[in-house]
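Reviewing the structure listed below.
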Amino acid sequence: KTVYVLNGPNLNLLGKRQPEIYGRETLVDVEAACRKLTDAAGMELRFHQSNAESQLIDWIHEARETACGIVINPAAFTHTSVAILDALNAFDGLVFEVHISNVHKRESFRHHSYVSLRADGVIAGFGVQGYELALQRLIRLSA
Ligand code: DQA
């Protein structure tokens with residue numbers, strides 16, 4: 001079984017970008033932690049980051065063919081992208097939305113998520129550990 005972990009804009013700078021909000025761990029660290037979990041579960045991991053909305057949509061389309069679930073941190077596209085919501089609505093598996101920071105404690109424009117209209121679960125404010133928590137849930141439900 002295959003799972004996708006998708007990351008939106010600016011998350012390539014994780015660890016360097018506003019560390020007081022997002023912490024000092026990098027996306028490479030996050031990928032390693034995710035891979036540990038999928039390896040142990042005998043699952044295939046596709047881990048991607050893009051600053052481009054269209055690329056994220058293409059990966060969601062690709063997941064339609066192969067994946068049982070998607071963990072996605074859409075970053076700023078969370079609050080703007082009907083197109084990512086539509087792509088996720090065309091995906092039949094599980095969708096978990098992750099935010100490193102607690103978006104509800106931040107500016108009001110971060111309080112609304114288009115992706116939450118589709119997500120089976122949402123994690124916010126657990127730091128990068130949120131990816132592991134979401135993936136553990138996905139693995140348990142897909143077993
Ligand atoms: C984020 C929260 C978003 O509001 C922000 O635009 C991000 C990261 C998070 O992981 O906390 O880029 O999704």
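Within each chain, counting starts at residue 1; across the structure tokens, chains are named A, B, ... in the order shown, with ligands numbered 1 upward in that order.
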From the DSSP assignment of the backbone, select every residue of chain A that is strand (DSSP E), and format the answer as a ChimeraX atom specification.
/A:2-7,44-49,67-73,94-99,121-124
Produce as a ChimeraX atom specification the set of residues near ligand 1, where near means within 12 Å with only C-alpha atoms and all ligand atoms considered.
/A:6-15,17-23,27,49-51,72-81,97-115,122-131
Every residue of range 15-93 of chain A that DSSP places in helix (DSSP H, G or I), as JSON, numbers by chain:
{"A": [19, 20, 21, 22, 27, 28, 29, 30, 31, 32, 33, 34, 35, 36, 37, 38, 39, 40, 41, 53, 54, 55, 56, 57, 58, 59, 60, 61, 62, 63, 64, 65, 66, 75, 76, 77, 78, 79, 82, 83, 84, 85, 86, 87, 88, 89]}
Spatial neighbours of range 33-37 of chain A, 12 Å, only C-alpha atoms, chain gap at least 4 places, as a count of residues only
32
Exercise: Leu117 in chain A partners within 10 Å, only C-alpha atoms, chain neighbours under 5 positions left out, as an mmCIF file with N, CA and C atoms, in the first residue's frame:
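Output saved as out-v4.cif:
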```
data_model
loop_
_atom_site.group_PDB
_atom_site.id
_atom_site.type_symbol
_atom_site.label_atom_id
_atom_site.label_comp_id
_atom_site.auth_asym_id
_atom_site.auth_seq_id
_atom_site.Cartn_x
_atom_site.Cartn_y
_atom_site.Cartn_z
ATOM 1 N N LEU A 85 -8.795 21.692 -2.857
ATOM 2 C CA LEU A 85 -9.995 21.038 -2.303
ATOM 3 C C LEU A 85 -10.664 20.171 -3.368
ATOM 4 N N LEU A 88 -8.705 17.015 -3.976
ATOM 5 C CA LEU A 88 -8.867 16.063 -2.860
ATOM 6 C C LEU A 88 -10.255 15.433 -2.888
ATOM 7 N N ASN A 89 -11.243 16.183 -3.344
ATOM 8 C CA ASN A 89 -12.604 15.628 -3.458
ATOM 9 C C ASN A 89 -12.677 14.560 -4.543
ATOM 10 N N HIS A 112 -9.606 29.778 8.583
ATOM 11 C CA HIS A 112 -10.439 29.018 7.644
ATOM 12 C C HIS A 112 -9.580 28.135 6.748
#
```
Skipping near chain neighbours, those fewer than 2 positions away, what residues fall within 9 Å of Ala67 in chain A using only C-alpha atoms, listed as a count of residues only?
11
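Take CA of Ala32 in chain A and CA of Ser142 in chain A: the distance between them is 20.6 Å.
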Can you tell me how far CA of Ala119 in chain A sits from CA of Asp39 in chain A, in Å to one decimal?
24.3 Å
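With distances restricted to only C-alpha atoms, A:Phe91 is the closest residue to Ile60 in chain A from A:Thr38, A:Val30, A:Arg24, A:Phe91.
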Could you state the separation of CA of Ser54 in chain A and CA of Lys16 in chain A in Å, given to one decimal place?
24.9 Å
